[in-house]
file target35.txt (compact mmCIF, C-alpha atoms and all ligand atoms)
# COMPACT_ATOMS: atom_id res chain seq x y z
CA MET D 1 85.41 -85.08 275.02
CA THR D 2 87.92 -82.44 276.01
CA THR D 3 85.93 -79.62 274.42
CA ASP D 4 82.75 -80.73 276.16
CA ARG D 5 84.49 -80.57 279.53
CA ALA D 6 85.73 -77.07 278.70
CA LYS D 7 82.28 -75.90 277.64
CA ARG D 8 80.76 -77.44 280.74
CA ALA D 9 83.26 -75.56 282.94
CA ALA D 10 82.29 -72.24 281.29
CA GLY D 11 78.57 -72.98 281.55
CA GLU D 12 78.81 -73.95 285.21
CA ALA D 13 80.85 -70.84 286.03
CA ALA D 14 78.15 -68.67 284.46
CA ALA D 15 75.44 -70.46 286.44
CA GLU D 16 77.26 -69.35 289.61
CA LEU D 17 76.37 -65.76 288.67
CA VAL D 18 72.65 -66.54 288.75
CA THR D 19 70.55 -65.99 291.84
CA SER D 20 66.88 -66.68 292.53
CA GLY D 21 64.51 -64.05 291.23
CA MET D 22 66.66 -63.13 288.25
CA ARG D 23 65.25 -62.65 284.81
CA LEU D 24 67.69 -64.09 282.30
CA GLY D 25 68.52 -63.87 278.64
CA LEU D 26 69.08 -67.46 277.54
CA GLY D 27 71.47 -67.82 274.62
CA THR D 28 71.81 -70.61 272.09
CA GLY D 29 74.40 -73.29 271.37
CA SER D 30 76.30 -76.20 272.84
CA THR D 31 78.02 -74.14 275.55
CA VAL D 32 74.74 -72.57 276.63
CA ALA D 33 73.29 -76.09 276.89
CA TYR D 34 75.68 -76.71 279.82
CA PHE D 35 74.68 -73.38 281.38
CA LEU D 36 71.00 -74.33 281.22
CA GLU D 37 71.72 -77.70 282.83
CA ALA D 38 73.72 -76.05 285.60
CA VAL D 39 70.97 -73.48 286.27
CA ALA D 40 68.36 -76.23 286.43
CA ALA D 41 70.56 -78.31 288.74
CA ARG D 42 70.75 -75.41 291.19
CA ALA D 43 66.92 -75.36 291.43
CA LEU D 44 66.83 -71.56 291.34
CA GLU D 45 63.61 -69.61 290.90
CA VAL D 46 64.47 -67.96 287.58
CA GLU D 47 62.76 -67.18 284.31
CA GLY D 48 64.26 -66.27 280.99
CA VAL D 49 63.73 -65.13 277.43
CA PRO D 50 65.03 -67.85 275.09
CA THR D 51 66.94 -66.81 271.97
CA SER D 52 65.84 -69.76 269.85
CA GLU D 53 63.19 -72.45 269.60
CA ALA D 54 65.91 -74.98 270.50
CA THR D 55 66.70 -73.16 273.75
CA ALA D 56 63.01 -72.79 274.54
CA ALA D 57 62.51 -76.54 274.08
CA ARG D 58 65.48 -77.37 276.32
CA CYS D 59 64.19 -74.99 279.01
CA ARG D 60 60.82 -76.71 278.97
CA GLU D 61 62.55 -80.07 279.47
CA LEU D 62 64.62 -78.68 282.33
CA GLY D 63 61.76 -76.81 284.00
CA ILE D 64 63.21 -73.32 283.45
CA GLY D 65 60.39 -70.76 283.18
CA LEU D 66 60.06 -68.87 279.89
CA LEU D 67 59.25 -65.21 279.37
CA ASP D 68 57.80 -63.53 276.31
CA PRO D 69 60.03 -60.63 275.17
CA ALA D 70 56.87 -58.59 274.56
CA GLU D 71 56.36 -58.50 278.31
CA VAL D 72 59.93 -57.80 279.37
CA ASP D 73 61.44 -54.32 279.80
CA ARG D 74 64.81 -55.49 281.06
CA LEU D 75 66.71 -58.58 282.02
CA ASP D 76 69.24 -58.95 284.83
CA LEU D 77 71.72 -61.10 282.96
CA CYS D 78 72.13 -62.57 279.50
CA VAL D 79 74.40 -65.59 279.08
CA ASP D 80 75.33 -66.66 275.57
CA GLY D 81 78.06 -68.33 273.56
CA ALA D 82 80.12 -66.86 270.75
CA ASP D 83 81.93 -68.01 267.63
CA GLU D 84 84.78 -65.54 268.13
CA LEU D 85 85.65 -62.85 270.65
CA ASP D 86 88.37 -60.25 270.70
CA ARG D 87 90.06 -58.90 273.82
CA ALA D 88 87.61 -55.96 273.95
CA LEU D 89 84.82 -58.57 274.09
CA ASN D 90 83.40 -57.72 270.73
CA LEU D 91 81.92 -60.88 269.26
CA THR D 92 80.90 -62.70 266.16
CA LYS D 93 77.85 -64.87 266.70
CA GLY D 94 75.32 -66.76 264.64
CA GLY D 95 77.05 -70.05 263.95
CA GLY D 96 73.85 -71.63 265.24
CA GLY D 97 71.67 -69.19 263.28
CA ALA D 98 70.11 -67.47 266.30
CA LEU D 99 71.89 -64.12 265.97
CA LEU D 100 68.85 -61.88 265.57
CA ARG D 101 67.04 -63.04 268.69
CA GLU D 102 70.38 -63.23 270.51
CA LYS D 103 71.08 -59.57 269.80
CA VAL D 104 67.56 -58.47 270.77
CA VAL D 105 67.83 -60.34 274.06
CA ALA D 106 71.38 -59.16 274.80
CA GLY D 107 70.14 -55.60 274.26
CA LEU D 108 67.49 -56.06 276.96
CA ALA D 109 70.00 -57.21 279.55
CA ASP D 110 71.84 -55.14 282.16
CA ARG D 111 74.80 -57.44 281.67
CA MET D 112 75.90 -59.88 278.97
CA VAL D 113 78.27 -62.70 279.90
CA VAL D 114 79.87 -64.78 277.15
CA ILE D 115 80.73 -68.41 277.72
CA ALA D 116 83.30 -69.94 275.41
CA THR D 117 86.64 -71.69 275.17
CA PRO D 118 90.02 -69.93 274.83
CA ASP D 119 90.49 -71.04 271.21
CA LYS D 120 87.68 -68.64 270.25
CA VAL D 121 89.70 -65.56 271.28
CA VAL D 122 91.05 -63.83 268.16
CA ASP D 123 93.10 -60.72 267.46
CA ARG D 124 90.67 -59.67 264.76
CA LEU D 125 87.02 -60.68 264.32
CA GLY D 126 86.31 -62.58 261.13
CA ASP D 127 89.78 -64.09 261.22
CA SER D 128 88.83 -67.67 261.99
CA PHE D 129 85.05 -67.78 261.52
CA PRO D 130 82.91 -66.34 258.72
CA LEU D 131 80.56 -63.55 259.78
CA PRO D 132 76.91 -64.68 259.66
CA VAL D 133 74.41 -62.13 258.35
CA GLU D 134 70.65 -62.77 258.57
CA VAL D 135 68.86 -61.68 255.42
CA VAL D 136 65.21 -61.41 254.38
CA PRO D 137 64.96 -64.06 251.61
CA PHE D 138 63.49 -61.58 249.09
CA ALA D 139 66.64 -59.47 249.38
CA ILE D 140 69.28 -62.20 249.29
CA GLY D 141 70.58 -61.27 245.81
CA PRO D 142 70.99 -57.52 246.42
CA VAL D 143 72.46 -58.11 249.89
CA ARG D 144 74.89 -60.67 248.55
CA ARG D 145 76.12 -58.24 245.87
CA ARG D 146 76.48 -55.46 248.46
CA LEU D 147 78.54 -57.74 250.73
CA GLU D 148 80.72 -58.81 247.82
CA ALA D 149 81.29 -55.14 246.95
CA LEU D 150 82.50 -54.67 250.54
CA GLY D 151 85.13 -57.35 249.90
CA PHE D 152 83.48 -60.44 251.40
CA GLU D 153 83.36 -63.89 249.93
CA VAL D 154 79.73 -64.81 250.56
CA SER D 155 78.07 -68.21 250.83
CA GLU D 156 74.42 -68.87 251.43
CA ARG D 157 73.78 -71.27 254.30
CA ARG D 158 71.93 -74.29 252.90
CA ALA D 159 70.82 -77.73 254.01
CA GLY D 160 70.01 -80.39 251.40
CA GLY D 161 70.18 -77.76 248.66
CA GLU D 162 67.54 -75.54 250.29
CA LEU D 163 68.23 -72.24 252.05
CA SER D 164 68.47 -72.85 255.81
CA LEU D 165 65.87 -70.62 257.40
CA THR D 166 66.17 -69.15 260.88
CA ASP D 167 63.45 -69.21 263.54
CA ASN D 168 62.39 -65.87 262.01
CA GLY D 169 62.00 -67.33 258.50
CA ASN D 170 65.10 -65.55 257.18
CA ALA D 171 68.18 -66.80 255.33
CA ILE D 172 71.78 -66.64 256.55
CA VAL D 173 74.81 -65.73 254.47
CA ASP D 174 78.27 -66.53 255.84
CA CYS D 175 80.82 -63.87 254.91
CA ARG D 176 84.58 -64.39 254.79
CA MET D 177 87.07 -61.53 254.71
CA ARG D 178 90.74 -62.33 254.12
CA GLY D 179 92.69 -61.09 257.13
CA GLY D 180 89.51 -60.47 259.18
CA ILE D 181 87.33 -57.40 259.67
CA ALA D 182 89.33 -54.18 260.00
CA ASP D 183 86.62 -52.06 261.66
CA PRO D 184 83.82 -54.23 263.13
CA SER D 185 81.93 -51.26 264.57
CA ALA D 186 81.79 -49.43 261.23
CA LEU D 187 80.81 -52.64 259.47
CA GLU D 188 78.00 -53.26 261.95
CA SER D 189 76.59 -49.80 261.17
CA THR D 190 76.94 -50.32 257.42
CA LEU D 191 75.11 -53.63 257.61
CA ALA D 192 72.38 -52.18 259.82
CA MET D 193 71.70 -49.62 257.08
CA THR D 194 71.65 -52.16 254.24
CA PRO D 195 68.08 -52.86 253.08
CA GLY D 196 67.19 -56.53 253.44
CA VAL D 197 69.71 -57.22 256.22
CA ALA D 198 67.73 -58.34 259.27
CA GLU D 199 70.78 -58.48 261.57
CA SER D 200 74.49 -59.13 261.54
CA GLY D 201 76.43 -61.44 263.81
CA LEU D 202 78.63 -58.59 265.03
CA PHE D 203 78.01 -57.90 268.74
CA ILE D 204 79.91 -54.71 269.52
CA GLY D 205 80.13 -53.34 273.06
CA LEU D 206 77.47 -55.66 274.45
CA ALA D 207 79.43 -58.20 276.49
CA THR D 208 81.08 -57.15 279.74
CA LEU D 209 82.57 -60.46 280.86
CA ALA D 210 83.77 -63.64 279.15
CA LEU D 211 84.19 -66.92 280.99
CA LEU D 212 86.59 -69.15 279.09
CA GLY D 213 86.48 -72.77 280.16
CA SER D 214 89.33 -75.23 279.72
CA SER D 215 89.28 -79.01 279.69
CA ASP D 216 91.02 -79.18 283.09
CA GLY D 217 87.96 -77.45 284.59
CA THR D 218 89.59 -74.05 285.09
CA VAL D 219 87.85 -70.91 283.90
CA GLU D 220 89.60 -67.72 282.79
CA ARG D 221 87.77 -64.42 283.29
CA LEU D 222 88.17 -61.77 280.61
CA GLU D 223 86.57 -58.37 281.30
CA ALA D 224 85.67 -55.72 278.76
CA PRO D 225 88.03 -52.72 279.03
CA SER D 226 85.33 -50.40 280.36
CA ALA D 227 83.62 -52.98 282.62
C1 LIG A 301 74.23 -69.28 267.90
C2 LIG A 301 75.48 -68.69 268.47
C3 LIG A 301 76.25 -69.53 269.40
O1 LIG A 301 76.30 -68.89 270.63
C4 LIG A 301 77.63 -69.73 268.85
O2 LIG A 301 77.52 -70.35 267.58
C5 LIG A 301 78.48 -70.60 269.79
O3 LIG A 301 77.94 -71.87 269.87
P1 LIG A 301 78.66 -73.05 270.65
O4 LIG A 301 78.58 -72.74 272.09
O5 LIG A 301 77.87 -74.28 270.25
O6 LIG A 301 80.10 -73.14 270.16
O7 LIG A 301 75.85 -67.58 268.20
O8 LIG A 301 73.63 -68.40 266.98
call {"tool": "encode", "arguments": {"input": "target35.txt", "output": "structure tokens"}}
result
Amino acid sequence: MTTDRAKRAAGEAAAELVTSGMRLGLGTGSTVAYFLEAVAARALEVEGVPTSEATAARCRELGIGLLDPAEVDRLDLCVDGADELDRALNLTKGGGGALLREKVVAGLADRMVVIATPDKVVDRLGDSFPLPVEVVPFAIGPVRRRLEALGFEVSERRAGGELSLTDNGNAIVDCRMRGGIADPSALESTLAMTPGVAESGLFIGLATLALLGSSDGTVERLEAPSA
């Protein structure tokens, strides 16, 4: 498929940034899957902290060494996908439900590189993809009402009628805002201070480079303004 070729191009370009001895942050999603394959194919001596059980399982299959975040002070490079990115490289993430671990791991890394396709670049975050927010199940009602008071249309992520739980045992609510999010940085702070919110899918000021793959195999580089 065209999109698969584009994702593969982005994943392979990110693997070119990896050298033996690096400690990596290993993101989650279909684009990251190509990155993991490309890293394994290069037979580099690397280890990484996985951001989900799915990524950990794939690393085991591919022979990529895993690190426990409890034993890691810093990582050289974190590579992860995104659901949306703006031109300042602020992101929305969490379509795959791994946002909390993804943000912890990105925060440990000297450098975060996003791999995506050009259709994910937006003028305003929240414009094309609902913002995922990870919520402690006990608090889902109060958090939902708080988000609605902020102007979001909120839907609980469910599978077969049951709340879909993350690897951390939390729920996810997907939040739509007509016209997108006016001030993502302020919203991230507001959500961080809301009791019961475990994490939001807003990644502000974390990524320094985006590699945007296209189906013809080309990759566009987008750098954060201060990078
Ligand atoms: C998972 C994520 C993913 O990185 C995001 O959903 C992009 O995934 P994909 O590469 O499959 O489009 O944030 O929580």
call {"tool": "residues_near_ligand", "arguments": {"input": "target35.txt", "ligand": "ligand LIG 301 (chain A)", "cutoff": "9 Å", "atoms": "all atoms listed in the file", "output": "short mmCIF file (atom, residue, chain, number, x, y, z; two decimals) with C-alpha atoms, keeping the file's coordinate frame"}}
result
data_model
loop_
_atom_site.label_atom_id
_atom_site.label_comp_id
_atom_site.auth_asym_id
_atom_site.auth_seq_id
_atom_site.Cartn_x
_atom_site.Cartn_y
_atom_site.Cartn_z
CA LYS D 7 82.28 -75.90 277.64
CA GLY D 27 71.47 -67.82 274.62
CA THR D 28 71.81 -70.61 272.09
CA GLY D 29 74.40 -73.29 271.37
CA SER D 30 76.30 -76.20 272.84
CA THR D 31 78.02 -74.14 275.55
CA VAL D 32 74.74 -72.57 276.63
CA ALA D 33 73.29 -76.09 276.89
CA THR D 51 66.94 -66.81 271.97
CA SER D 52 65.84 -69.76 269.85
CA ASP D 80 75.33 -66.66 275.57
CA GLY D 81 78.06 -68.33 273.56
CA ALA D 82 80.12 -66.86 270.75
CA ASP D 83 81.93 -68.01 267.63
CA GLU D 84 84.78 -65.54 268.13
CA THR D 92 80.90 -62.70 266.16
CA LYS D 93 77.85 -64.87 266.70
CA GLY D 94 75.32 -66.76 264.64
CA GLY D 95 77.05 -70.05 263.95
CA GLY D 96 73.85 -71.63 265.24
CA GLY D 97 71.67 -69.19 263.28
CA ALA D 98 70.11 -67.47 266.30
CA LEU D 99 71.89 -64.12 265.97
CA LEU D 100 68.85 -61.88 265.57
CA ARG D 101 67.04 -63.04 268.69
CA GLU D 102 70.38 -63.23 270.51
CA VAL D 114 79.87 -64.78 277.15
CA ILE D 115 80.73 -68.41 277.72
CA ALA D 116 83.30 -69.94 275.41
CA THR D 117 86.64 -71.69 275.17
CA LYS D 120 87.68 -68.64 270.25
CA PRO D 132 76.91 -64.68 259.66
CA GLY D 201 76.43 -61.44 263.81
#
call {"tool": "residues_around", "arguments": {"input": "target35.txt", "residues": "Leu89 in chain D", "least_positions_apart": "2", "cutoff": "9 Å", "atoms": "all atoms listed in the file", "output": "PyMOL selection string"}}
result
chain D and resi 85-87+91+114+121+203-210+222-225
call {"tool": "residues_around", "arguments": {"input": "target35.txt", "residues": "Leu75 in chain D", "least_positions_apart": "6", "cutoff": "7 Å", "atoms": "only C-alpha atoms", "output": "list in words"}}
result
Arg23, Leu24, Gly25, Leu108, Ala109 and Asp110 of chain D
call {"tool": "residues_around", "arguments": {"input": "target35.txt", "residues": "Gly180 in chain D", "least_positions_apart": "4", "cutoff": "12 Å", "atoms": "only C-alpha atoms", "output": "JSON, numbers by chain"}}
result
{"D": [84, 86, 92, 122, 123, 124, 125, 126, 127, 128, 129, 130, 131, 151, 152, 153, 175, 176, 184, 187]}
call {"tool": "write_last_selection", "arguments": {"input": "target35.txt", "atoms": "C-alpha atoms", "output": "PDB file, keeping the file's coordinate frame"}}
result
ATOM      1  CA  GLU D  84      84.780 -65.540 268.130  1.00  0.00           C
ATOM      2  CA  ASP D  86      88.370 -60.250 270.700  1.00  0.00           C
ATOM      3  CA  THR D  92      80.900 -62.700 266.160  1.00  0.00           C
ATOM      4  CA  VAL D 122      91.050 -63.830 268.160  1.00  0.00           C
ATOM      5  CA  ASP D 123      93.100 -60.720 267.460  1.00  0.00           C
ATOM      6  CA  ARG D 124      90.670 -59.670 264.760  1.00  0.00           C
ATOM      7  CA  LEU D 125      87.020 -60.680 264.320  1.00  0.00           C
ATOM      8  CA  GLY D 126      86.310 -62.580 261.130  1.00  0.00           C
ATOM      9  CA  ASP D 127      89.780 -64.090 261.220  1.00  0.00           C
ATOM     10  CA  SER D 128      88.830 -67.670 261.990  1.00  0.00           C
ATOM     11  CA  PHE D 129      85.050 -67.780 261.520  1.00  0.00           C
ATOM     12  CA  PRO D 130      82.910 -66.340 258.720  1.00  0.00           C
ATOM     13  CA  LEU D 131      80.560 -63.550 259.780  1.00  0.00           C
ATOM     14  CA  GLY D 151      85.130 -57.350 249.900  1.00  0.00           C
ATOM     15  CA  PHE D 152      83.480 -60.440 251.400  1.00  0.00           C
ATOM     16  CA  GLU D 153      83.360 -63.890 249.930  1.00  0.00           C
ATOM     17  CA  CYS D 175      80.820 -63.870 254.910  1.00  0.00           C
ATOM     18  CA  ARG D 176      84.580 -64.390 254.790  1.00  0.00           C
ATOM     19  CA  PRO D 184      83.820 -54.230 263.130  1.00  0.00           C
ATOM     20  CA  LEU D 187      80.810 -52.640 259.470  1.00  0.00           C
TER      21      LEU D 187
END
call {"tool": "closest_residue", "arguments": {"input": "target35.txt", "among": "D:Ser200, D:Ser215, D:Asn170, D:Ser226", "to": "Val104 in chain D", "atoms": "only C-alpha atoms"}}
result
D:Ser200
call {"tool": "residues_around", "arguments": {"input": "target35.txt", "residues": "Phe138 in chain D", "least_positions_apart": "6", "cutoff": "12 Å", "atoms": "all atoms listed in the file", "output": "JSON, numbers by chain"}}
result
{"D": [144, 169, 170, 171, 195, 196, 197, 198]}
call {"tool": "atom_distance", "arguments": {"input": "target35.txt", "atom1": "CA of Leu147 in chain D", "atom2": "CA of Ala106 in chain D"}}
result
25.2 Å
call {"tool": "closest_residue", "arguments": {"input": "target35.txt", "among": "D:Leu44, D:Leu202, D:Ala10, D:Cys78", "to": "Gly65 in chain D", "atoms": "all atoms listed in the file"}}
result
D:Leu44
call {"tool": "closest_residue", "arguments": {"input": "target35.txt", "among": "D:Leu67, D:Ala88, D:Asp174, D:Met22", "to": "Glu45 in chain D", "atoms": "only C-alpha atoms"}}
result
D:Met22
call {"tool": "atom_distance", "arguments": {"input": "target35.txt", "atom1": "CA of Arg221 in chain D", "atom2": "CA of Leu17 in chain D"}}
result
12.7 Å
call {"tool": "atom_distance", "arguments": {"input": "target35.txt", "atom1": "CA of Asp167 in chain D", "atom2": "CA of Arg58 in chain D"}}
result
15.3 Å
call {"tool": "decode", "arguments": {"input": "target35.txt", "residues": "range 73-101 of chain D", "atoms": "N, CA and C atoms", "output": "compact mmCIF listing (two decimals), in the first residue's frame"}}
result
# COMPACT_ATOMS: atom_id res chain seq x y z
N ASP D 73 18.90 6.64 33.17
CA ASP D 73 18.90 8.08 33.48
C ASP D 73 18.59 8.92 32.25
N ARG D 74 19.14 8.49 31.12
CA ARG D 74 18.94 9.23 29.88
C ARG D 74 19.04 8.29 28.70
N LEU D 75 18.43 8.73 27.62
CA LEU D 75 18.50 7.99 26.37
C LEU D 75 19.11 8.89 25.31
N ASP D 76 19.79 8.29 24.32
CA ASP D 76 20.40 9.11 23.27
C ASP D 76 19.36 9.65 22.30
N LEU D 77 18.40 8.83 21.98
CA LEU D 77 17.47 9.17 20.90
C LEU D 77 16.15 8.44 21.13
N CYS D 78 15.06 9.17 20.98
CA CYS D 78 13.73 8.56 21.02
C CYS D 78 13.12 8.71 19.63
N VAL D 79 12.61 7.63 19.08
CA VAL D 79 11.95 7.69 17.77
C VAL D 79 10.50 7.23 17.97
N ASP D 80 9.57 8.05 17.53
CA ASP D 80 8.16 7.73 17.75
C ASP D 80 7.31 8.32 16.63
N GLY D 81 6.12 7.80 16.49
CA GLY D 81 5.17 8.32 15.52
C GLY D 81 4.35 9.45 16.12
N ALA D 82 3.38 9.93 15.37
CA ALA D 82 2.48 10.97 15.87
C ALA D 82 1.17 10.88 15.11
N ASP D 83 0.12 11.40 15.71
CA ASP D 83 -1.17 11.46 15.02
C ASP D 83 -1.31 12.79 14.27
N GLU D 84 -0.73 13.83 14.82
CA GLU D 84 -0.68 15.14 14.15
C GLU D 84 0.61 15.82 14.59
N LEU D 85 1.14 16.69 13.72
CA LEU D 85 2.22 17.57 14.14
C LEU D 85 2.02 18.93 13.49
N ASP D 86 2.40 19.97 14.22
CA ASP D 86 2.36 21.29 13.61
C ASP D 86 3.79 21.67 13.18
N ARG D 87 3.93 22.82 12.57
CA ARG D 87 5.25 23.17 12.00
C ARG D 87 6.28 23.50 13.08
N ALA D 88 5.84 23.69 14.32
CA ALA D 88 6.78 23.87 15.43
C ALA D 88 7.16 22.52 16.06
N LEU D 89 6.63 21.46 15.47
CA LEU D 89 6.84 20.08 15.94
C LEU D 89 6.22 19.81 17.32
N ASN D 90 5.14 20.52 17.60
CA ASN D 90 4.29 20.08 18.70
C ASN D 90 3.38 18.99 18.14
N LEU D 91 3.04 18.04 19.00
CA LEU D 91 2.38 16.82 18.51
C LEU D 91 1.10 16.51 19.27
N THR D 92 0.21 15.79 18.60
CA THR D 92 -0.78 15.00 19.34
C THR D 92 -0.43 13.54 19.11
N LYS D 93 -0.49 12.77 20.18
CA LYS D 93 -0.16 11.36 20.15
C LYS D 93 -1.18 10.59 21.00
N GLY D 94 -1.15 9.26 20.84
CA GLY D 94 -2.02 8.45 21.68
C GLY D 94 -3.10 7.72 20.92
N GLY D 95 -3.05 7.83 19.58
CA GLY D 95 -4.00 7.07 18.77
C GLY D 95 -3.91 5.58 19.09
N GLY D 96 -2.71 5.14 19.40
CA GLY D 96 -2.50 3.73 19.76
C GLY D 96 -2.56 3.48 21.26
N GLY D 97 -2.89 4.53 22.03
CA GLY D 97 -3.11 4.36 23.46
C GLY D 97 -1.86 4.29 24.32
N ALA D 98 -0.70 4.63 23.74
CA ALA D 98 0.55 4.47 24.50
C ALA D 98 1.11 5.80 24.99
N LEU D 99 0.28 6.83 25.01
CA LEU D 99 0.78 8.20 25.22
C LEU D 99 1.54 8.40 26.52
N LEU D 100 1.11 7.76 27.60
CA LEU D 100 1.77 8.02 28.89
C LEU D 100 3.22 7.53 28.85
N ARG D 101 3.39 6.28 28.47
CA ARG D 101 4.77 5.76 28.42
C ARG D 101 5.57 6.49 27.34
